[in-house]
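Text of the file model.txt, holding compact mmCIF, C-alpha atoms:
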```txt
# COMPACT_ATOMS: atom_id res chain seq x y z
CA MET A 1276 15.88 11.63 17.65
CA ASN A 1277 12.20 10.68 17.82
CA ALA A 1278 9.46 12.25 15.76
CA PRO A 1279 6.50 13.69 17.70
CA THR A 1280 3.13 12.05 17.12
CA GLN A 1281 0.99 13.67 14.45
CA SER A 1282 -2.58 12.85 13.53
CA LEU A 1283 -4.76 13.42 10.51
CA ASN A 1284 -8.20 12.28 9.49
CA VAL A 1285 -9.72 10.43 6.56
CA SER A 1286 -13.07 12.19 6.19
CA LEU A 1287 -15.72 9.69 5.15
CA GLY A 1288 -18.71 10.67 7.24
CA ALA A 1289 -19.68 7.83 9.56
CA ARG A 1290 -16.69 5.82 8.28
CA SER A 1291 -14.10 8.52 9.07
CA TYR A 1292 -11.01 7.43 10.95
CA PRO A 1293 -7.74 8.81 12.30
CA ILE A 1294 -4.19 8.16 11.14
CA TYR A 1295 -1.47 8.48 13.77
CA VAL A 1296 2.19 8.94 12.78
CA GLY A 1297 4.98 8.97 15.36
CA SER A 1298 7.81 7.18 17.12
CA GLY A 1299 7.26 4.43 19.67
CA LEU A 1300 3.52 4.12 19.20
CA LEU A 1301 3.62 0.32 19.38
CA SER A 1302 5.31 0.26 22.76
CA ASN A 1303 3.78 3.37 24.32
CA SER A 1304 0.54 4.55 22.79
CA VAL A 1305 -1.37 1.75 21.10
CA ALA A 1306 -3.68 1.15 24.06
CA ALA A 1307 -4.79 4.80 24.12
CA VAL A 1308 -5.29 4.79 20.36
CA LEU A 1309 -7.38 1.63 20.54
CA LYS A 1310 -9.53 3.08 23.29
CA GLN A 1311 -10.22 6.17 21.19
CA ALA A 1312 -10.74 4.32 17.91
CA LEU A 1313 -12.86 1.47 19.28
CA PRO A 1314 -14.54 2.59 22.50
CA ASN A 1315 -17.12 -0.19 22.22
CA ALA A 1316 -14.82 -2.92 20.94
CA GLY A 1317 -15.56 -6.45 22.03
CA GLU A 1318 -13.11 -8.43 24.06
CA GLN A 1319 -12.05 -10.72 21.20
CA VAL A 1320 -9.08 -9.60 19.11
CA VAL A 1321 -7.36 -11.39 16.24
CA ILE A 1322 -3.89 -10.19 15.28
CA ILE A 1323 -2.97 -11.18 11.73
CA SER A 1324 0.76 -10.97 11.05
CA ASN A 1325 3.70 -13.03 9.77
CA ALA A 1326 6.53 -14.69 11.65
CA THR A 1327 9.13 -12.06 10.71
CA VAL A 1328 7.07 -9.13 12.00
CA ALA A 1329 5.68 -11.06 14.95
CA GLU A 1330 9.18 -11.74 16.27
CA HIS A 1331 9.70 -7.99 16.74
CA TYR A 1332 6.31 -6.52 17.48
CA LEU A 1333 3.72 -9.11 18.53
CA LYS A 1334 4.65 -9.05 22.22
CA PRO A 1335 4.56 -5.24 22.66
CA LEU A 1336 1.24 -5.12 20.83
CA THR A 1337 -0.21 -7.94 22.93
CA ASP A 1338 1.03 -6.25 26.11
CA ASN A 1339 -0.65 -3.02 25.08
CA LEU A 1340 -3.92 -4.78 24.35
CA GLN A 1341 -3.83 -6.17 27.88
CA VAL A 1342 -3.31 -2.64 29.17
CA HIS A 1343 -6.43 -1.80 27.19
CA GLY A 1344 -8.27 -4.36 29.33
CA ILE A 1345 -8.40 -7.27 26.91
CA SER A 1346 -7.67 -10.64 28.48
CA ARG A 1347 -4.70 -12.54 27.07
CA ASN A 1348 -7.05 -15.51 26.63
CA ASN A 1349 -9.13 -13.48 24.17
CA ILE A 1350 -6.22 -12.43 21.97
CA TYR A 1351 -5.72 -14.78 19.03
CA HIS A 1352 -2.82 -14.86 16.56
CA ALA A 1353 -2.97 -15.82 12.90
CA LEU A 1354 0.48 -15.91 11.34
CA MET A 1355 0.59 -16.19 7.56
CA PRO A 1356 3.66 -16.90 5.41
CA ASP A 1357 5.63 -13.87 4.24
CA GLY A 1358 5.33 -12.87 0.59
CA GLU A 1359 2.91 -11.62 -2.07
CA SER A 1360 2.33 -15.15 -3.40
CA TYR A 1361 0.68 -16.06 -0.08
CA LYS A 1362 -2.00 -13.39 -0.38
CA SER A 1363 -4.24 -16.14 -1.66
CA LEU A 1364 -7.64 -17.72 -1.13
CA THR A 1365 -5.88 -20.71 0.43
CA ILE A 1366 -4.35 -18.63 3.24
CA TYR A 1367 -7.59 -16.66 3.57
CA GLY A 1368 -9.42 -19.95 4.12
CA GLU A 1369 -6.95 -21.05 6.78
CA ILE A 1370 -7.46 -17.81 8.71
CA MET A 1371 -11.22 -18.17 8.42
CA ASP A 1372 -10.87 -21.71 9.82
CA LEU A 1373 -9.14 -20.23 12.88
CA LEU A 1374 -11.96 -17.72 13.41
CA VAL A 1375 -14.51 -20.51 13.18
CA LYS A 1376 -12.51 -22.72 15.55
CA HIS A 1377 -12.38 -20.05 18.25
CA ARG A 1378 -15.95 -18.89 17.63
CA LEU A 1379 -15.11 -15.26 17.03
CA ASN A 1380 -18.27 -13.15 17.25
CA ARG A 1381 -19.43 -10.02 15.41
CA ASP A 1382 -17.95 -7.81 18.12
CA CYS A 1383 -14.41 -9.00 17.51
CA THR A 1384 -11.68 -6.72 16.17
CA ILE A 1385 -9.13 -7.70 13.51
CA ILE A 1386 -5.70 -6.08 13.74
CA ALA A 1387 -3.30 -6.08 10.80
CA LEU A 1388 0.30 -6.08 12.06
CA GLY A 1389 2.68 -6.12 9.12
CA GLY A 1390 3.22 -4.93 5.58
CA GLY A 1391 0.85 -4.59 2.66
CA VAL A 1392 0.25 -8.31 2.20
CA VAL A 1393 -0.81 -8.70 5.83
CA GLY A 1394 -2.91 -5.52 5.70
CA ASP A 1395 -4.74 -6.55 2.53
CA MET A 1396 -5.42 -10.02 3.90
CA ALA A 1397 -6.53 -8.82 7.34
CA GLY A 1398 -8.79 -6.21 5.78
CA PHE A 1399 -10.43 -8.78 3.51
CA VAL A 1400 -10.92 -11.12 6.47
CA ALA A 1401 -12.52 -8.26 8.43
CA ALA A 1402 -14.71 -7.27 5.48
CA THR A 1403 -16.09 -10.78 5.04
CA TRP A 1404 -16.19 -12.32 8.54
CA GLN A 1405 -19.85 -12.29 9.53
CA ARG A 1406 -20.48 -9.62 6.87
CA GLY A 1407 -17.94 -7.21 8.29
CA VAL A 1408 -16.20 -6.50 11.59
CA PRO A 1409 -13.94 -3.61 12.70
CA PHE A 1410 -10.23 -3.69 12.02
CA ILE A 1411 -7.17 -1.60 12.72
CA GLN A 1412 -4.13 -1.18 10.48
CA ILE A 1413 -0.70 -1.20 12.14
CA PRO A 1414 1.58 -1.12 9.07
CA THR A 1415 5.25 -1.96 9.67
CA THR A 1416 6.70 -1.29 6.20
CA LEU A 1417 7.06 2.07 4.51
CA LEU A 1418 5.04 0.93 1.50
CA ALA A 1419 2.11 -0.11 3.68
CA GLN A 1420 2.35 3.03 5.81
CA VAL A 1421 2.00 5.40 2.87
CA ASP A 1422 -0.27 3.37 0.64
CA SER A 1423 -2.14 0.15 1.35
CA SER A 1424 -3.04 0.82 5.00
CA VAL A 1425 -5.04 3.93 4.07
CA GLY A 1426 -8.17 3.91 1.95
CA GLY A 1427 -9.99 0.68 2.72
CA LYS A 1428 -8.94 -1.42 -0.26
CA THR A 1429 -8.72 -5.07 0.79
CA ALA A 1430 -8.04 -8.05 -1.44
CA VAL A 1431 -6.40 -11.35 -2.20
CA ASN A 1432 -4.76 -12.38 -5.44
CA HIS A 1433 -5.92 -14.86 -8.07
CA PRO A 1434 -3.58 -16.69 -10.46
CA GLY A 1435 -5.17 -14.61 -13.20
CA GLY A 1436 -4.26 -11.27 -11.65
CA LYS A 1437 -3.42 -9.23 -8.57
CA ASN A 1438 -6.11 -8.10 -6.10
CA LEU A 1439 -8.95 -9.44 -8.24
CA ILE A 1440 -10.91 -10.69 -5.22
CA GLY A 1441 -11.59 -8.01 -2.64
CA ALA A 1442 -13.84 -5.43 -1.02
CA PHE A 1443 -13.79 -1.84 0.20
CA HIS A 1444 -13.71 -1.93 4.01
CA GLN A 1445 -12.35 1.08 5.86
CA PRO A 1446 -10.25 0.58 9.01
CA SER A 1447 -11.23 2.12 12.33
CA ALA A 1448 -7.73 3.60 12.72
CA VAL A 1449 -4.26 3.49 11.21
CA VAL A 1450 -1.32 3.49 13.64
CA ILE A 1451 2.06 4.23 12.01
CA ASP A 1452 5.08 3.73 14.24
CA ILE A 1453 8.10 4.91 12.24
CA ASN A 1454 10.42 3.03 14.61
CA THR A 1455 9.40 -0.16 12.79
CA LEU A 1456 11.32 1.14 9.77
CA GLN A 1457 14.64 0.89 11.59
CA SER A 1458 14.58 -2.92 11.25
CA LEU A 1459 13.19 -2.90 7.71
CA PRO A 1460 15.53 -4.40 5.08
CA VAL A 1461 17.03 -1.77 2.77
CA ARG A 1462 15.33 -3.22 -0.29
CA GLU A 1463 11.89 -2.94 1.32
CA LEU A 1464 12.59 0.63 2.45
CA GLN A 1465 13.48 1.52 -1.13
CA ALA A 1466 10.33 -0.20 -2.41
CA GLY A 1467 8.26 1.95 -0.07
CA LEU A 1468 9.94 5.09 -1.37
CA ALA A 1469 8.48 4.32 -4.80
CA GLU A 1470 5.00 4.99 -3.45
CA VAL A 1471 6.22 8.14 -1.68
CA ILE A 1472 7.68 9.39 -4.98
CA LYS A 1473 4.36 8.62 -6.67
CA TYR A 1474 2.57 11.22 -4.55
CA GLY A 1475 5.04 13.89 -5.55
CA VAL A 1476 4.76 12.99 -9.23
CA MET A 1477 0.96 12.97 -9.39
CA ALA A 1478 -0.16 15.48 -6.76
CA ASP A 1479 2.45 17.82 -5.26
CA SER A 1480 5.36 19.41 -7.12
CA ASN A 1481 6.70 20.99 -3.89
CA PHE A 1482 6.80 17.56 -2.24
CA PHE A 1483 8.55 16.17 -5.32
CA ALA A 1484 11.21 18.89 -5.02
CA TRP A 1485 11.53 18.17 -1.28
CA LEU A 1486 12.15 14.50 -2.09
CA GLU A 1487 14.89 15.46 -4.55
CA LEU A 1488 16.65 17.35 -1.76
CA ASN A 1489 16.02 14.85 1.05
CA MET A 1490 16.30 11.39 -0.48
CA ALA A 1491 19.62 10.75 1.30
CA ARG A 1492 18.00 11.57 4.67
CA LEU A 1493 15.17 9.16 3.95
CA LEU A 1494 17.56 6.38 2.99
CA ALA A 1495 19.47 7.09 6.21
CA ARG A 1496 16.14 6.64 8.08
CA GLN A 1497 16.22 9.99 9.80
CA PRO A 1498 13.00 10.07 11.90
CA GLU A 1499 11.96 13.64 11.12
CA ALA A 1500 12.41 13.15 7.37
CA LEU A 1501 10.51 9.85 7.46
CA ALA A 1502 7.71 11.38 9.52
CA HIS A 1503 7.33 14.25 7.05
CA ALA A 1504 7.34 11.97 3.99
CA ILE A 1505 4.82 9.57 5.55
CA THR A 1506 2.52 12.30 6.83
CA ARG A 1507 2.47 14.20 3.52
CA SER A 1508 1.86 10.98 1.58
CA CYS A 1509 -1.03 10.05 3.88
CA GLU A 1510 -2.47 13.57 3.62
CA ILE A 1511 -2.57 13.33 -0.17
CA LYS A 1512 -4.11 9.88 -0.13
CA ALA A 1513 -6.65 10.86 2.56
CA GLU A 1514 -7.82 13.83 0.48
CA ILE A 1515 -8.28 11.67 -2.62
CA VAL A 1516 -10.00 8.82 -0.77
CA ALA A 1517 -12.39 11.29 0.90
CA ALA A 1518 -13.33 12.64 -2.54
CA ASP A 1519 -13.67 9.24 -4.25
CA GLU A 1520 -13.91 6.34 -1.81
CA HIS A 1521 -14.75 3.60 -4.33
CA GLU A 1522 -12.46 4.68 -7.17
CA ASN A 1523 -15.10 5.91 -9.58
CA GLY A 1524 -13.03 8.94 -10.57
CA ILE A 1525 -9.91 10.72 -9.31
CA ARG A 1526 -8.87 7.93 -6.93
CA ALA A 1527 -7.60 6.10 -10.01
CA LEU A 1528 -4.77 8.67 -10.08
CA LEU A 1529 -3.24 6.76 -7.16
CA ASN A 1530 -2.57 3.94 -9.63
CA LEU A 1531 0.19 5.87 -11.39
CA GLY A 1532 2.73 3.26 -12.50
CA HIS A 1533 0.54 0.38 -11.38
CA THR A 1534 -0.81 -0.88 -14.71
CA PHE A 1535 2.75 -1.50 -15.91
CA GLY A 1536 3.87 -2.53 -12.42
CA HIS A 1537 1.15 -5.13 -11.93
CA ALA A 1538 2.08 -6.66 -15.29
CA ILE A 1539 5.69 -7.02 -14.11
CA GLU A 1540 4.57 -8.64 -10.86
CA ALA A 1541 2.29 -11.09 -12.66
CA ALA A 1542 4.95 -11.96 -15.25
CA THR A 1543 7.42 -12.75 -12.45
CA HIS A 1544 4.77 -14.68 -10.46
CA TYR A 1545 4.94 -12.26 -7.51
CA LYS A 1546 8.21 -13.86 -6.41
CA THR A 1547 11.21 -11.87 -7.60
CA TRP A 1548 10.02 -8.25 -7.74
CA LEU A 1549 8.67 -6.26 -4.80
CA HIS A 1550 5.54 -4.23 -5.47
CA GLY A 1551 7.35 -0.92 -5.05
CA GLU A 1552 10.11 -1.97 -7.43
CA ALA A 1553 7.53 -2.82 -10.10
CA VAL A 1554 5.70 0.48 -9.52
CA ALA A 1555 9.00 2.38 -9.84
CA VAL A 1556 9.56 0.92 -13.30
CA GLY A 1557 5.89 1.52 -14.06
CA MET A 1558 6.29 5.23 -13.29
CA VAL A 1559 9.31 5.47 -15.58
CA MET A 1560 7.30 3.77 -18.33
CA ALA A 1561 4.33 6.08 -17.72
CA ALA A 1562 6.59 9.13 -17.90
CA ARG A 1563 8.22 7.93 -21.11
CA LEU A 1564 4.80 7.23 -22.62
CA ALA A 1565 3.67 10.73 -21.62
CA VAL A 1566 6.70 12.18 -23.44
CA GLN A 1567 5.99 10.03 -26.48
CA LEU A 1568 2.40 11.30 -26.60
CA GLY A 1569 3.36 14.93 -25.99
CA TYR A 1570 1.88 15.35 -22.51
CA ILE A 1571 5.16 16.30 -20.80
CA GLU A 1572 8.63 17.38 -21.84
CA SER A 1573 11.50 14.91 -21.74
CA LYS A 1574 13.27 16.90 -19.00
CA HIS A 1575 10.36 16.24 -16.62
CA ALA A 1576 10.49 12.51 -17.36
CA GLU A 1577 14.22 12.63 -16.66
CA ARG A 1578 13.61 14.24 -13.25
CA ILE A 1579 11.19 11.46 -12.39
CA GLU A 1580 13.62 8.77 -13.50
CA ASN A 1581 16.54 10.39 -11.69
CA LEU A 1582 14.58 10.62 -8.43
CA ILE A 1583 13.66 6.96 -8.72
CA LYS A 1584 17.30 6.06 -9.35
CA SER A 1585 18.40 8.12 -6.33
CA ALA A 1586 16.17 5.93 -4.17
CA GLY A 1587 18.05 2.86 -5.37
CA LEU A 1588 15.09 1.58 -7.37
CA PRO A 1589 15.08 -0.11 -10.79
CA THR A 1590 14.09 1.87 -13.87
CA ARG A 1591 13.91 -0.91 -16.47
CA PRO A 1592 11.54 -3.90 -16.66
CA PRO A 1593 12.76 -7.50 -16.40
CA LYS A 1594 14.18 -9.05 -19.53
CA GLY A 1595 12.11 -11.65 -21.31
CA MET A 1596 8.72 -9.91 -21.21
CA THR A 1597 7.45 -9.97 -24.79
CA LYS A 1598 5.06 -7.44 -26.28
CA THR A 1599 2.36 -10.12 -26.22
CA THR A 1600 2.95 -10.74 -22.52
CA TRP A 1601 2.79 -7.03 -21.72
CA LEU A 1602 -0.46 -6.44 -23.60
CA GLU A 1603 -2.11 -9.60 -22.30
CA LEU A 1604 -1.29 -8.90 -18.65
CA MET A 1605 -2.23 -5.21 -18.82
CA ALA A 1606 -5.55 -6.15 -20.40
CA ARG A 1607 -6.39 -8.11 -17.21
CA ASP A 1608 -5.86 -5.09 -14.98
CA LYS A 1609 -8.77 -4.01 -12.76
CA LYS A 1610 -8.63 -0.53 -14.27
CA VAL A 1611 -9.81 -1.84 -17.66
CA LYS A 1612 -13.25 -0.35 -18.41
CA GLN A 1613 -15.48 -1.21 -21.36
CA GLY A 1614 -12.62 -3.19 -22.85
CA LYS A 1615 -10.21 -0.25 -22.77
CA MET A 1616 -7.03 -0.13 -20.74
CA ARG A 1617 -6.70 2.96 -18.58
CA PHE A 1618 -3.32 4.51 -17.86
CA ILE A 1619 -2.36 7.19 -15.37
CA LEU A 1620 0.21 9.47 -16.97
CA PRO A 1621 2.02 12.55 -15.63
CA THR A 1622 0.91 15.75 -17.34
CA GLY A 1623 3.23 18.20 -15.59
CA PRO A 1624 5.03 18.78 -12.28
CA GLY A 1625 2.75 17.46 -9.54
CA ARG A 1626 -0.02 16.60 -12.01
CA ALA A 1627 -1.38 13.47 -13.65
CA ASN A 1628 -4.46 12.38 -15.55
CA ILE A 1629 -6.35 9.28 -16.60
CA PHE A 1630 -6.17 8.17 -20.23
CA SER A 1631 -8.15 5.40 -21.91
CA ASN A 1632 -7.29 6.16 -25.53
CA ILE A 1633 -3.74 4.80 -25.62
CA SER A 1634 -3.26 2.75 -28.78
CA SER A 1635 -1.57 -0.63 -28.94
CA ALA A 1636 0.86 0.93 -31.40
CA ALA A 1637 1.94 3.53 -28.81
CA LEU A 1638 2.38 0.82 -26.19
CA THR A 1639 4.37 -1.30 -28.60
CA ARG A 1640 6.72 1.62 -29.37
CA LEU A 1641 7.24 2.16 -25.65
CA ILE A 1642 8.02 -1.51 -25.00
CA ASP A 1643 10.37 -1.64 -27.98
CA ALA A 1644 12.22 1.43 -26.69
CA LEU A 1645 12.84 -0.27 -23.36
```
What would you get if you wrote out this structure as structure tokens?
Amino acid sequence: MNAPTQSLNVSLGARSYPIYVGSGLLSNSVAAVLKQALPNAGEQVVIISNATVAEHYLKPLTDNLQVHGISRNNIYHALMPDGESYKSLTIYGEIMDLLVKHRLNRDCTIIALGGGVVGDMAGFVAATWQRGVPFIQIPTTLLAQVDSSVGGKTAVNHPGGKNLIGAFHQPSAVVIDINTLQSLPVRELQAGLAEVIKYGVMADSNFFAWLELNMARLLARQPEALAHAITRSCEIKAEIVAADEHENGIRALLNLGHTFGHAIEAATHYKTWLHGEAVAVGMVMAARLAVQLGYIESKHAERIENLIKSAGLPTRPPKGMTKTTWLELMARDKKVKQGKMRFILPTGPGRANIFSNISSAALTRLIDAL
């Protein structure tokens, strides 16, 4: 069964853009979407992807671009290695070398075809090539579809921390073909569900309850369930991004679980834990900290942890992370302001808030308990 195409909008004035969610968009509808999103697009297109994704989806995308009237000779491919550790300045430089080699002009369009790593890299390339060119997100993983492809955050990593080098650069459109999830490894599907769960925890108690009832359908990749989960997640993110594009206020709520999660990723050198897995543990830690500080009851934290477990996700951090390591890595997080770490903690069903007054003693008790 295929899911019908749905569309929603990220309302940002002149920078507004559509999000399309449906089945078969890569093979049937991309050309029409491109024509609507970029009516004045130049003839030069650069598709940034990786070898794994390209094997499945590069040809249908290229064929659709040709239907759109773009010559095959003006479609360039930049394939980067697969993995978070390759979201680096080195790979960024190699892609920039390709753009220089082929003399891409300011009317070119960058297309991100892949997961969050590809999307972040392609967005940063688009933000910085000749001071900014249009780009389109075609996310092929669940995590990218519900999170990183929407909102305009682009970045590369630095050895000192994740996403430290980046820019806000909104896409011209986001095209989500849920059929790409059928070939997604189980572990990556589960990692994406962590971000889906996040939206229920921090913004929508009804959606959280729906996830409790429908997790088995999502794990079975039922198209209608996936389409609903993706669309609702994107709706929540679109509303928050429209209200706070540059993360000066409520957009920080989207980082629920991320301060702890980013520390796990950095401690494991971005090699052994997927982003969603780290965020899942981060949400459990945030919920336990919220109980410890009296913001929620323990039964609510248990619901959060049980939902995360039902998605097949981890709920405990890796062994070997000392209290010193935790505190040092969290202190490097981008959300630190005026020397104070900021944490997003649940404050009730479908609610969360930003806290910057968490003591080291409270964090130490939490780490000791785990």
Find the residues near Ala1469 of chain A: any atom within 9 Å, counting only C-alpha atoms, skip ones fewer than 6 places away on the same chain, and give them as number ranges by chain.
A: 1418, 1551-1555, 1558, 1583, 1586, 1588
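Straight-line separation from atom CA of Cys1509 of chain A to atom CA of Asn1284 of chain A: 9.4 Å.
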Segment 1596-1643 of chain A near segment 1431-1450 of chain A within 10 Å: what's each residue's closest atom pair and its distance in Å to one decimal, counting all atoms listed in the file, ordered by chain then ascending residue number, as CSV?
```
residue,atom,partner,partner_atom,distance
A:Leu1604,CA,A:Gly1436,CA,8.0
A:Met1605,CA,A:Gly1436,CA,9.6
A:Arg1607,CA,A:Gly1436,CA,6.7
A:Asp1608,CA,A:Gly1436,CA,7.2
A:Lys1609,CA,A:Leu1439,CA,7.1
```
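Counting all atoms listed in the file, the residue from A:Glu1330, A:Glu1580, A:Glu1318, A:Asp1519 that sits nearest to Ile1345 of chain A is A:Glu1318.
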Which residues come within 8 Å of Val1408 of chain A, counting all atoms listed in the file, excluding same-chain residues fewer than 4 positions away, as a ChimeraX atom specification?
/A:1381-1385,1401-1404
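Nearest-residue note for Leu1456 of chain A: choosing from A:Ala1419, A:Ile1642, A:Val1285, A:Leu1620, the minimum distance belongs to A:Ala1419, counting only C-alpha atoms.
Nearest residue to Thr1534 of chain A, choosing from A:Glu1514, A:Glu1522, A:Glu1487, A:Glu1603 and counting only C-alpha atoms: A:Glu1603.
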Can you pull out every residue within 12 Å of Gln1412 of chain A, counting only C-alpha atoms, but drop anything in the same chain fewer than 6 positions away, and send it as a VMD selection string?
chain A and resid 1292 to 1295 1301 1305 1308 to 1309 1312 1322 to 1324 1384 to 1398 1401 1419 to 1429 1444 to 1452
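Comparing the minimum interatomic distances between Ser1573 of chain A and each of A:Gly1467, A:Pro1279, A:Gly1623, A:Gly1595, counting all atoms listed in the file, we find that A:Gly1623 sits nearest.
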10 Å contact set for Ser1634 of chain A, all atoms listed in the file, chain neighbours under 3 positions out, as a list of chain:residue names:
A:Lys1615, A:Met1616, A:Ser1631, A:Ala1637, A:Leu1638, A:Thr1639
Expected file contents, prior selection, C-alpha atoms, as a short mmCIF file (atom, residue, chain, number, x, y, z; two decimals), in the frame of the given file:
```
data_model
loop_
_atom_site.label_atom_id
_atom_site.label_comp_id
_atom_site.auth_asym_id
_atom_site.auth_seq_id
_atom_site.Cartn_x
_atom_site.Cartn_y
_atom_site.Cartn_z
CA LYS A 1615 -10.21 -0.25 -22.77
CA MET A 1616 -7.03 -0.13 -20.74
CA SER A 1631 -8.15 5.40 -21.91
CA ALA A 1637 1.94 3.53 -28.81
CA LEU A 1638 2.38 0.82 -26.19
CA THR A 1639 4.37 -1.30 -28.60
#
```
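Distances to Arg1378 of chain A were evaluated for A:Thr1365, A:Asn1348, A:Gln1465, A:Gln1319 using all atoms listed in the file, and the minimum falls at A:Gln1319.
The gap separating atom CA of Glu1540 of chain A from atom CA of Phe1399 of chain A is 20.8 Å, in Å to one decimal.
The residue that comes closest to Ile1370 of chain A, out of A:Pro1593, A:Pro1356, A:Gly1532, A:Gly1625 and on the basis of all atoms listed in the file, is A:Pro1356.
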N, CA and C atoms are what I want for segment 1451-1464 of chain A; can you complete it accordingly and write them as a CSV table (one decimal), in the coordinates of the input?
```csv
chain,number,residue,atom,x,y,z
A,1451,ILE,N,0.8,4.3,12.7
A,1451,ILE,CA,2.1,4.2,12.0
A,1451,ILE,C,3.2,4.6,13.0
A,1452,ASP,N,3.9,3.6,13.4
A,1452,ASP,CA,5.1,3.7,14.2
A,1452,ASP,C,6.3,3.7,13.4
A,1453,ILE,N,7.0,4.9,13.2
A,1453,ILE,CA,8.1,4.9,12.2
A,1453,ILE,C,9.3,4.2,12.8
A,1454,ASN,N,9.3,3.8,14.1
A,1454,ASN,CA,10.4,3.0,14.6
A,1454,ASN,C,10.5,1.7,14.0
A,1455,THR,N,9.4,1.2,13.4
A,1455,THR,CA,9.4,-0.2,12.8
A,1455,THR,C,10.3,-0.1,11.5
A,1456,LEU,N,10.5,1.0,11.0
A,1456,LEU,CA,11.3,1.1,9.8
A,1456,LEU,C,12.8,1.0,10.0
A,1457,GLN,N,13.2,1.0,11.3
A,1457,GLN,CA,14.6,0.9,11.6
A,1457,GLN,C,15.1,-0.5,11.4
A,1458,SER,N,14.2,-1.5,11.5
A,1458,SER,CA,14.6,-2.9,11.2
A,1458,SER,C,14.2,-3.4,9.9
A,1459,LEU,N,13.6,-2.5,9.0
A,1459,LEU,CA,13.2,-2.9,7.7
A,1459,LEU,C,14.4,-3.1,6.8
A,1460,PRO,N,14.4,-4.2,6.0
A,1460,PRO,CA,15.5,-4.4,5.1
A,1460,PRO,C,15.6,-3.2,4.1
A,1461,VAL,N,16.8,-2.9,3.7
A,1461,VAL,CA,17.0,-1.8,2.8
A,1461,VAL,C,16.2,-1.9,1.5
A,1462,ARG,N,16.1,-3.1,0.9
A,1462,ARG,CA,15.3,-3.2,-0.3
A,1462,ARG,C,13.9,-2.9,-0.1
A,1463,GLU,N,13.3,-3.2,1.1
A,1463,GLU,CA,11.9,-2.9,1.3
A,1463,GLU,C,11.7,-1.5,1.6
A,1464,LEU,N,12.7,-0.8,2.3
A,1464,LEU,CA,12.6,0.6,2.4
A,1464,LEU,C,12.6,1.3,1.1
```
